[in-house]
>>> print(open('upload-v1.cif').read())   # mmCIF, C-alpha atoms
data_coords
loop_
_atom_site.group_PDB
_atom_site.id
_atom_site.type_symbol
_atom_site.label_atom_id
_atom_site.label_comp_id
_atom_site.auth_asym_id
_atom_site.auth_seq_id
_atom_site.Cartn_x
_atom_site.Cartn_y
_atom_site.Cartn_z
ATOM 1 C CA MET U 1 91.226 104.064 115.764
ATOM 2 C CA ARG U 2 88.678 102.773 113.319
ATOM 3 C CA LYS U 3 85.865 103.680 115.703
ATOM 4 C CA ALA U 4 87.197 107.244 115.979
ATOM 5 C CA TRP U 5 87.398 107.433 112.204
ATOM 6 C CA THR U 6 83.839 106.192 111.845
ATOM 7 C CA THR U 7 82.572 108.669 114.401
ATOM 8 C CA LEU U 8 84.386 111.541 112.703
ATOM 9 C CA SER U 9 83.196 110.544 109.256
ATOM 10 C CA ASP U 10 79.605 110.127 110.410
ATOM 11 C CA ASP U 11 79.704 113.501 112.065
ATOM 12 C CA LEU U 12 81.118 115.335 109.053
ATOM 13 C CA PHE U 13 78.806 113.522 106.698
ATOM 14 C CA ARG U 14 75.712 114.269 108.716
ATOM 15 C CA ARG U 15 76.507 117.953 109.004
ATOM 16 C CA TYR U 16 77.672 118.765 105.512
ATOM 17 C CA HIS U 17 76.693 116.139 102.987
ATOM 18 C CA ARG U 18 73.406 117.653 101.907
ATOM 19 C CA ASP U 19 74.787 121.141 101.389
ATOM 20 C CA ILE U 20 78.002 119.932 99.757
ATOM 21 C CA HIS U 21 76.072 117.718 97.383
ATOM 22 C CA ARG U 22 73.655 120.506 96.523
ATOM 23 C CA PHE U 23 76.514 122.926 95.881
ATOM 24 C CA LEU U 24 78.296 120.449 93.615
ATOM 25 C CA THR U 25 75.091 119.605 91.771
ATOM 26 C CA ARG U 26 74.332 123.244 91.059
ATOM 27 C CA MET U 27 77.908 123.961 90.021
ATOM 28 C CA SER U 28 78.464 120.881 87.859
ATOM 29 C CA GLY U 29 74.945 120.618 86.520
ATOM 30 C CA GLN U 30 74.984 116.824 86.903
ATOM 31 C CA SER U 31 73.649 114.938 89.890
ATOM 32 C CA GLU U 32 75.636 111.806 89.100
ATOM 33 C CA VAL U 33 78.854 113.797 88.981
ATOM 34 C CA ALA U 34 77.927 115.444 92.277
ATOM 35 C CA ASP U 35 77.530 111.996 93.845
ATOM 36 C CA ASP U 36 81.106 111.039 92.982
ATOM 37 C CA LEU U 37 82.539 114.431 93.808
ATOM 38 C CA SER U 38 80.797 114.467 97.189
ATOM 39 C CA GLN U 39 82.423 111.167 98.067
ATOM 40 C CA GLU U 40 85.804 112.581 97.147
ATOM 41 C CA VAL U 41 85.201 115.707 99.245
ATOM 42 C CA PHE U 42 84.558 113.705 102.389
ATOM 43 C CA LEU U 43 87.416 111.331 101.752
ATOM 44 C CA ARG U 44 89.818 114.236 101.394
ATOM 45 C CA ALA U 45 88.432 115.870 104.514
ATOM 46 C CA LEU U 46 88.798 112.697 106.540
ATOM 47 C CA ARG U 47 92.298 112.097 105.262
ATOM 48 C CA ALA U 48 93.319 115.650 106.070
ATOM 49 C CA SER U 49 91.850 115.314 109.553
ATOM 50 C CA GLY U 50 93.689 112.061 110.055
ATOM 51 C CA ASN U 51 96.963 113.681 109.030
ATOM 52 C CA GLY U 52 96.440 116.572 111.397
ATOM 53 C CA HIS U 53 95.596 119.027 108.635
ATOM 54 C CA GLY U 54 91.941 119.471 109.456
ATOM 55 C CA ALA U 55 90.029 122.721 109.753
ATOM 56 C CA THR U 56 91.759 125.160 112.063
ATOM 57 C CA GLY U 57 89.084 127.832 111.944
ATOM 58 C CA HIS U 58 85.825 127.782 110.092
ATOM 59 C CA GLU U 59 85.030 124.149 109.453
ATOM 60 C CA ARG U 60 82.201 124.835 107.057
ATOM 61 C CA GLY U 61 84.383 127.123 104.973
ATOM 62 C CA TRP U 62 87.099 124.469 104.998
ATOM 63 C CA MET U 63 84.675 121.805 103.745
ATOM 64 C CA PHE U 64 83.526 124.029 100.901
ATOM 65 C CA SER U 65 87.126 124.849 100.059
ATOM 66 C CA ILE U 66 87.678 121.148 99.583
ATOM 67 C CA ALA U 67 84.503 120.918 97.511
ATOM 68 C CA ARG U 68 85.727 123.756 95.336
ATOM 69 C CA SER U 69 89.089 122.067 94.917
ATOM 70 C CA VAL U 70 87.508 118.731 94.021
ATOM 71 C CA LEU U 71 85.309 120.470 91.473
ATOM 72 C CA ALA U 72 88.328 122.216 89.938
ATOM 73 C CA ASP U 73 90.178 118.895 89.692
ATOM 74 C CA TYR U 74 87.169 117.319 88.036
ATOM 75 C CA ARG U 75 86.960 120.104 85.485
ATOM 76 C CA ARG U 76 90.662 119.866 84.782
ATOM 77 C CA GLN U 77 90.469 116.127 84.235
ATOM 78 C CA ALA U 78 87.366 116.435 82.148
ATOM 79 C CA GLY U 79 89.172 119.027 80.072
ATOM 80 C CA ARG U 80 86.213 121.299 79.927
ATOM 81 C CA ARG U 81 84.359 123.804 82.024
ATOM 82 C CA ALA U 82 81.385 122.692 84.030
ATOM 83 C CA ALA U 83 78.135 122.404 82.128
ATOM 84 C CA GLY U 84 76.516 125.764 81.675
ATOM 85 C CA SER U 85 73.030 124.328 82.009
ATOM 86 C CA PRO U 86 72.470 122.962 85.486
ATOM 87 C CA LEU U 87 70.353 119.914 85.995
ATOM 88 C CA ALA U 88 66.726 120.544 86.760
ATOM 89 C CA PRO U 89 66.457 119.682 90.451
ATOM 90 C CA GLU U 90 64.185 117.025 91.838
ATOM 91 C CA PRO U 91 60.761 118.173 92.978
ATOM 92 C CA SER U 92 60.787 119.588 96.469
ATOM 93 C CA ARG U 93 58.241 118.579 98.992
ATOM 94 C CA ASP U 94 57.419 122.203 99.654
ATOM 95 C CA GLY U 95 56.192 122.846 96.139
ATOM 96 C CA GLY U 96 57.353 125.802 94.052
ATOM 97 C CA GLN U 97 58.775 123.415 91.504
ATOM 98 C CA HIS U 98 58.546 125.925 88.699
ATOM 99 C CA LEU U 99 60.627 128.526 90.491
ATOM 100 C CA VAL U 100 63.216 125.976 91.569
ATOM 101 C CA VAL U 101 63.654 124.729 88.022
ATOM 102 C CA ALA U 102 63.754 128.234 86.605
ATOM 103 C CA LEU U 103 66.335 129.254 89.182
ATOM 104 C CA ALA U 104 68.559 126.298 88.303
ATOM 105 C CA GLN U 105 68.367 127.204 84.624
ATOM 106 C CA SER U 106 69.064 130.864 85.310
ATOM 107 C CA LEU U 107 72.073 130.017 87.446
ATOM 108 C CA GLY U 108 73.522 128.160 84.493
ATOM 109 C CA ARG U 109 73.569 131.349 82.496
ATOM 110 C CA LEU U 110 75.615 133.239 85.060
ATOM 111 C CA PRO U 111 79.417 133.493 85.118
ATOM 112 C CA ASP U 112 81.102 130.795 87.170
ATOM 113 C CA GLU U 113 82.465 133.254 89.723
ATOM 114 C CA ASP U 114 79.073 134.816 90.422
ATOM 115 C CA ARG U 115 77.294 131.457 90.541
ATOM 116 C CA GLU U 116 79.906 130.105 92.908
ATOM 117 C CA VAL U 117 79.619 132.994 95.351
ATOM 118 C CA PHE U 118 75.832 132.864 95.249
ATOM 119 C CA LEU U 119 75.754 129.124 95.985
ATOM 120 C CA LEU U 120 78.366 129.369 98.711
ATOM 121 C CA LYS U 121 76.100 131.870 100.403
ATOM 122 C CA GLU U 122 72.655 130.434 99.730
ATOM 123 C CA VAL U 123 73.493 126.733 99.825
ATOM 124 C CA GLY U 124 76.637 126.682 101.897
ATOM 125 C CA GLY U 125 75.507 129.293 104.384
ATOM 126 C CA LEU U 126 78.974 130.815 104.561
ATOM 127 C CA THR U 127 79.602 134.341 105.778
ATOM 128 C CA TYR U 128 81.164 136.975 103.550
ATOM 129 C CA GLN U 129 84.495 136.412 105.270
ATOM 130 C CA GLU U 130 84.358 132.668 104.771
ATOM 131 C CA ILE U 131 83.409 133.064 101.125
ATOM 132 C CA ALA U 132 86.249 135.516 100.642
ATOM 133 C CA ALA U 133 88.670 133.004 102.168
ATOM 134 C CA VAL U 134 87.357 130.158 100.015
ATOM 135 C CA CYS U 135 87.374 132.158 96.789
ATOM 136 C CA ASP U 136 90.547 134.066 97.599
ATOM 137 C CA CYS U 137 88.990 137.498 97.202
ATOM 138 C CA THR U 138 87.919 140.413 99.391
ATOM 139 C CA THR U 139 84.674 140.685 101.331
ATOM 140 C CA ASP U 140 83.769 143.742 99.279
ATOM 141 C CA SER U 141 84.108 141.630 96.168
ATOM 142 C CA VAL U 142 81.853 138.983 97.707
ATOM 143 C CA ARG U 143 79.292 141.618 98.650
ATOM 144 C CA ALA U 144 79.289 143.081 95.143
ATOM 145 C CA ARG U 145 79.067 139.715 93.416
ATOM 146 C CA LEU U 146 76.186 138.582 95.603
ATOM 147 C CA TYR U 147 74.221 141.751 95.027
ATOM 148 C CA ARG U 148 74.909 141.643 91.271
ATOM 149 C CA THR U 149 73.860 137.979 91.071
ATOM 150 C CA ARG U 150 70.633 138.523 92.965
ATOM 151 C CA VAL U 151 69.716 141.445 90.762
ATOM 152 C CA ALA U 152 70.439 139.397 87.631
ATOM 153 C CA LEU U 153 68.411 136.438 88.870
ATOM 154 C CA ARG U 154 65.542 138.685 89.867
ATOM 155 C CA ALA U 155 65.492 140.127 86.384
ATOM 156 C CA MET U 156 65.682 136.700 84.685
ATOM 157 C CA LEU U 157 62.940 135.263 86.867
ATOM 158 C CA THR U 158 60.889 138.470 86.818
ATOM 159 C CA LEU U 159 60.449 138.505 90.555
ATOM 160 C CA MET N 1 65.366 150.080 90.239
ATOM 161 C CA ASN N 2 67.502 151.778 92.839
ATOM 162 C CA THR N 3 70.775 149.846 92.993
ATOM 163 C CA HIS N 4 71.465 151.253 96.412
ATOM 164 C CA THR N 5 68.177 149.821 97.677
ATOM 165 C CA GLU N 6 68.902 146.352 96.386
ATOM 166 C CA GLU N 7 72.483 146.399 97.558
ATOM 167 C CA LEU N 8 71.433 147.459 101.041
ATOM 168 C CA ILE N 9 68.767 144.781 101.292
ATOM 169 C CA SER N 10 71.108 142.147 99.884
ATOM 170 C CA ALA N 11 73.704 142.872 102.558
ATOM 171 C CA ALA N 12 71.105 143.063 105.340
ATOM 172 C CA MET N 13 69.702 139.690 104.328
ATOM 173 C CA ASP N 14 73.153 138.194 104.721
ATOM 174 C CA GLY N 15 73.535 139.542 108.236
ATOM 175 C CA GLU N 16 76.215 142.016 107.232
ATOM 176 C CA PRO N 17 76.502 145.337 109.046
ATOM 177 C CA VAL N 18 74.448 148.037 107.292
ATOM 178 C CA ASP N 19 73.231 151.549 108.034
ATOM 179 C CA LEU N 20 70.058 150.900 110.018
ATOM 180 C CA ASP N 21 68.507 154.269 109.241
ATOM 181 C CA ALA N 22 69.024 153.728 105.541
ATOM 182 C CA LEU N 23 67.613 150.238 105.808
ATOM 183 C CA GLN N 24 64.550 151.470 107.618
ATOM 184 C CA ALA N 25 63.969 154.123 104.983
ATOM 185 C CA VAL N 26 64.341 151.573 102.184
ATOM 186 C CA LEU N 27 61.946 149.114 103.759
ATOM 187 C CA ALA N 28 59.390 151.841 104.281
ATOM 188 C CA GLY N 29 58.952 152.077 100.523
ATOM 189 C CA ALA N 30 57.294 149.598 98.167
ATOM 190 C CA GLU N 31 60.444 149.243 96.098
ATOM 191 C CA GLY N 32 62.441 148.062 99.090
ATOM 192 C CA ARG N 33 59.814 145.606 100.233
ATOM 193 C CA THR N 34 59.468 144.159 96.722
ATOM 194 C CA ALA N 35 63.213 143.697 96.479
ATOM 195 C CA LEU N 36 63.288 142.048 99.912
ATOM 196 C CA ALA N 37 60.495 139.660 98.891
ATOM 197 C CA ALA N 38 62.330 138.741 95.677
ATOM 198 C CA PHE N 39 65.594 138.022 97.472
ATOM 199 C CA VAL N 40 63.858 135.961 100.143
ATOM 200 C CA LEU N 41 62.171 133.970 97.384
ATOM 201 C CA LEU N 42 65.530 133.354 95.714
ATOM 202 C CA ARG N 43 66.937 132.119 98.996
ATOM 203 C CA ALA N 44 64.025 129.761 99.563
ATOM 204 C CA ALA N 45 64.253 128.393 96.015
ATOM 205 C CA SER N 46 68.003 127.840 96.401
ATOM 206 C CA ALA N 47 67.380 125.748 99.507
ATOM 207 C CA SER N 48 64.874 123.507 97.713
ATOM 208 C CA GLY N 49 65.410 120.494 95.509
ATOM 209 C CA ASP N 50 68.593 118.522 94.739
ATOM 210 C CA GLU N 51 68.107 116.187 97.667
ATOM 211 C CA PRO N 52 70.928 113.678 97.400
ATOM 212 C CA ALA N 53 70.010 110.022 97.169
ATOM 213 C CA GLY N 54 70.782 107.848 100.159
ATOM 214 C CA MET N 55 74.521 107.492 100.274
ATOM 215 C CA ALA N 56 76.737 105.559 102.610
ATOM 216 C CA VAL N 57 79.353 107.372 104.618
ATOM 217 C CA PRO N 58 82.614 107.031 102.678
ATOM 218 C CA GLN N 59 85.180 104.773 104.309
ATOM 219 C CA PRO N 60 88.960 104.984 103.956
ATOM 220 C CA HIS N 61 89.154 102.044 101.556
ATOM 221 C CA ALA N 62 86.578 103.728 99.353
ATOM 222 C CA ARG N 63 89.465 105.712 97.915
ATOM 223 C CA ARG N 64 89.804 102.932 95.407
ATOM 224 C CA GLN N 65 86.517 103.910 93.851
ATOM 225 C CA PRO N 66 87.776 106.601 91.456
ATOM 226 C CA TRP N 67 89.602 104.014 89.393
ATOM 227 C CA LEU N 68 86.245 102.591 88.545
ATOM 228 C CA LEU N 69 85.653 105.626 86.406
ATOM 229 C CA ARG N 70 88.704 104.757 84.356
ATOM 230 C CA GLY N 71 87.965 101.068 83.941
ATOM 231 C CA PRO N 72 88.857 97.885 85.859
ATOM 232 C CA ARG N 73 92.057 97.148 83.985
ATOM 233 C CA VAL N 74 94.419 96.653 86.871
ATOM 234 C CA PRO N 75 92.247 94.227 88.869
ATOM 235 C CA ALA N 76 91.650 92.008 85.817
ATOM 236 C CA ALA N 77 95.368 91.663 85.146
ATOM 237 C CA LEU N 78 96.038 91.059 88.815
ATOM 238 C CA ALA N 79 93.315 88.400 88.959
ATOM 239 C CA ALA N 80 94.743 86.657 85.897
ATOM 240 C CA SER N 81 98.229 86.652 87.408
ATOM 241 C CA LEU N 82 96.940 85.259 90.674
ATOM 242 C CA ALA N 83 95.025 82.532 88.846
ATOM 243 C CA LEU N 84 98.151 81.535 86.944
ATOM 244 C CA VAL N 85 100.235 81.415 90.076
ATOM 245 C CA ALA N 86 97.537 79.404 91.853
ATOM 246 C CA ALA N 87 97.348 76.896 89.010
ATOM 247 C CA ALA N 88 101.119 76.463 88.958
ATOM 248 C CA ALA N 89 101.192 76.026 92.712
ATOM 249 C CA ALA N 90 98.419 73.436 92.554
ATOM 250 C CA LEU N 91 100.307 71.420 89.948
ATOM 251 C CA TRP N 92 103.504 71.527 91.955
ATOM 252 C CA ILE N 93 101.751 70.541 95.167
ATOM 253 C CA GLY N 94 99.945 67.743 93.375
ATOM 254 C CA SER N 95 103.164 66.356 91.992
ATOM 255 C CA ARG N 96 104.730 66.356 95.454
ATOM 256 C CA VAL N 97 101.896 64.439 97.137
ATOM 257 C CA GLY N 98 101.264 62.081 94.218
ATOM 258 C CA THR N 99 97.785 63.215 93.377
ATOM 259 C CA VAL N 100 98.570 63.860 89.754
ATOM 260 C CA PRO N 101 95.625 62.963 87.525
ATOM 261 C CA VAL N 102 95.794 59.720 85.535
ATOM 262 C CA THR N 103 96.066 61.533 82.229
ATOM 263 C CA THR N 104 99.058 63.466 83.473
ATOM 264 C CA GLN N 105 100.773 60.298 84.700
ATOM 265 C CA ALA N 106 100.030 58.533 81.416
ATOM 266 C CA LEU N 107 101.885 61.257 79.581
ATOM 267 C CA ARG N 108 104.939 60.519 81.660
ATOM 268 C CA VAL N 109 105.026 56.824 80.684
ATOM 269 C CA ALA N 110 107.592 55.759 78.108
ATOM 270 C CA PRO N 111 106.383 55.779 74.527
ATOM 271 C CA PRO N 112 105.135 52.475 73.135
ATOM 272 C CA ARG N 113 107.737 50.019 71.836
ATOM 273 C CA VAL N 114 107.400 47.467 69.178
ATOM 274 C CA GLN N 115 107.332 43.997 70.664
ATOM 275 C CA THR N 116 106.376 40.585 69.449
ATOM 276 C CA ALA N 117 105.808 38.939 72.793
ATOM 277 C CA PRO N 118 104.972 39.254 75.548
ATOM 278 C CA ALA N 119 102.456 42.093 75.390
ATOM 279 C CA PRO N 120 103.854 45.444 76.508
ATOM 280 C CA GLN N 121 102.949 46.585 79.947
ATOM 281 C CA VAL N 122 101.538 49.780 78.550
ATOM 282 C CA ALA N 123 100.636 49.964 74.868
ATOM 283 C CA SER N 124 100.309 53.668 74.340
ATOM 284 C CA PRO N 125 99.028 56.604 76.247
ATOM 285 C CA GLY N 126 95.311 56.417 76.644
ATOM 286 C CA ILE N 127 94.700 53.527 74.239
ATOM 287 C CA VAL N 128 93.339 50.374 75.836
ATOM 288 C CA VAL N 129 92.234 47.414 73.638
ATOM 289 C CA PRO N 130 90.655 44.277 75.036
ATOM 290 C CA ALA N 131 93.164 41.386 75.095
ATOM 291 C CA ALA N 132 92.654 37.627 75.183
ATOM 292 C CA THR N 133 94.540 37.242 78.388
ATOM 293 C CA PRO N 134 94.572 39.707 81.166
ATOM 294 C CA VAL N 135 97.752 41.601 81.635
ATOM 295 C CA ALA N 136 99.045 42.758 84.927
ATOM 296 C CA ALA N 137 98.566 46.414 85.629
ATOM 297 C CA PRO N 138 101.615 48.492 84.801
ATOM 298 C CA ARG N 139 103.920 49.547 87.482
ATOM 299 C CA ALA N 140 103.663 53.244 88.118
ATOM 300 C CA ALA N 141 106.907 55.164 88.034
ATOM 301 C CA GLU N 142 105.912 56.812 91.317
ATOM 302 C CA PRO N 143 103.465 55.941 94.051
ATOM 303 C CA CYS N 144 99.992 56.980 92.917
ATOM 304 C CA ALA N 145 97.065 57.645 95.202
ATOM 305 C CA LEU N 146 94.605 56.601 92.520
ATOM 306 C CA GLU N 147 94.062 52.931 91.733
ATOM 307 C CA LEU N 148 94.672 52.443 88.057
ATOM 308 C CA PRO N 149 92.258 50.201 86.185
ATOM 309 C CA LYS N 150 93.583 46.870 84.981
ATOM 310 C CA ILE N 151 94.459 46.756 81.301
ATOM 311 C CA ALA N 152 92.060 44.431 79.525
ATOM 312 C CA LYS N 153 93.501 44.625 76.028
ATOM 313 C CA VAL N 154 96.865 45.279 74.499
ATOM 314 C CA VAL N 155 97.732 46.537 71.075
ATOM 315 C CA LYS N 156 100.913 45.249 69.566
ATOM 316 C CA PHE N 157 102.777 47.285 67.030
ATOM 317 C CA VAL N 158 104.286 44.917 64.498
ATOM 318 C CA PRO N 159 106.673 46.241 61.869
ATOM 319 C CA GLY N 160 105.267 46.170 58.383
ATOM 320 C CA VAL N 161 101.667 45.905 59.474
ATOM 321 C CA ASP N 162 99.363 48.763 58.691
ATOM 322 C CA TRP N 163 97.940 49.449 62.094
ATOM 323 C CA LYS N 164 95.313 51.701 60.623
ATOM 324 C CA SER N 165 93.553 48.795 58.965
ATOM 325 C CA GLY N 166 90.993 46.791 60.890
ATOM 326 C CA SER N 167 91.971 44.677 63.796
#
>>> encode(input="upload-v1.cif", output="structure tokens")
Amino acid sequence: MRKAWTTLSDDLFRRYHRDIHRFLTRMSGQSEVADDLSQEVFLRALRASGNGHGATGHERGWMFSIARSVLADYRRQAGRRAAGSPLAPEPSRDGGQHLVVALAQSLGRLPDEDREVFLLKEVGGLTYQEIAAVCDCTTDSVRARLYRTRVALRAMLTL
Amino acid sequence: MNTHTEELISAAMDGEPVDLDALQAVLAGAEGRTALAAFVLLRAASASGDEPAGMAVPQPHARRQPWLLRGPRVPAALAASLALVAAAAALWIGSRVGTVPVTTQALRVAPPRVQTAPAPQVASPGIVVPAATPVAAPRAAEPCALELPKIAKVVKFVPGVDWKSGS
């Protein structure tokens, strides 16, 4: 039983941890908070799987639904909205540090709904349908929000 | 900037179904290609940075971690309770097997009595004064695992004598 649990947890962790952590970091604006929230996401996922309530369809969308829920719980407990100024990310090995930092700062100035949809797409890699399921909206709404966010970011970053 | 151009390219980038003829026409122009380059750059920048530090795979018992954020109040109280119970159990066990420390046994001896002669078996708790003649070791009320030292001196409490003055 414990071996099955370990195998399942390793598998989920390996496949989703990086993206989940990045999503939570960009949404919360704090890397340390994202560390704790990421742990909670995987614990909830493993518990749900153990109770037979795991993902029935799109696993990736299910994981990000949990991440979204954990983030909402954190905000509720903290009694405030997530920080509007995301943390400047760590330098990437590929370079382009300036753009990465500027993007993180620009994201912080966007509405939560638009930032969330953008990150679910760009970081989470979800389809429009999966994003719509996670955010409880229509695919047309997802399409419009993504396009609007990209245009806004392009203008802020003068790309 | 043509919103239709950007919207079309945005959807195409995401693998969503779009009008291919319209897409081709948009990409044929500089405006379309510039928008495509900008969106690709945004995607690449989003995928960079924020690498999480090495983290262990969470285990089931790790659920206890969130309380750490609120402070270790419960474990401290629990530890104190356990220590108290352990101390009480140790005392009880010690009393049953006769391994009570000397000081504890001395406290259970009868209080000193005033006598003229002979010297009392035990003068007072903890006070031992050298005596001229050796006195037999006091009988313990219960069997004691420790060998009590022989009393070398006895103090006699005589009525009317100020025992605080010099010997």
>>> closest_atom_pairs(input="upload-v1.cif", of="segment 4-72 of chain U", to="segment 136-159 of chain U", cutoff="12 Å", atoms="all atoms listed in the file", output="CSV")
residue,atom,partner,partner_atom,distance
U:Gly61,CA,U:Asp136,CA,11.9
U:Ser65,CA,U:Asp136,CA,10.1
U:Arg68,CA,U:Asp136,CA,11.6
>>> resolve_selection(input="upload-v1.cif", expression="the PyMOL selection byres ((chain U and resi 117) around 9)", output="ChimeraX atom specification")
/U:112-116,118-122,131-132,135,142,145-146,149
>>> interface_residues(input="upload-v1.cif", of="chain U", to="chain N", cutoff="9 Å", atoms="only C-alpha atoms", output="MDAnalysis selection string")
chainID U and resid 5:6 9:10 13:14 17:19 21:22 25:26 31 34:36 39:40 42:43 46:47 88:97 99:101 103:104 119 121:123 127:128 143:144 146:148 150:151 153:154 158:159
>>> resolve_selection(input="upload-v1.cif", expression="the PyMOL selection byres ((chain N and resi 26) around 10)", output="MDAnalysis selection string")
chainID N and resid 2 4:6 8:9 20:25 27:33 35:36
>>> atom_distance(input="upload-v1.cif", atom1="atom CA of Ala78 of chain U", atom2="atom CA of Ala133 of chain U")
26.0 Å
>>> atom_distance(input="upload-v1.cif", atom1="atom CA of Ile20 of chain U", atom2="atom CA of Ala102 of chain U")
21.1 Å
>>> resolve_selection(input="upload-v1.cif", expression="the PyMOL selection byres ((chain U and resi 60) around 10)", output="list in words")
Leu12, Arg15, Tyr16, Ile20, Ala55, Gly57, His58, Glu59, Gly61, Trp62, Met63, Phe64, Ser65, Ile66, Gly124, Gly125, Leu126, Thr127 and Glu130 of chain U
>>> atom_distance(input="upload-v1.cif", atom1="atom CA of Ala48 of chain U", atom2="atom CA of Tyr74 of chain U")
19.1 Å
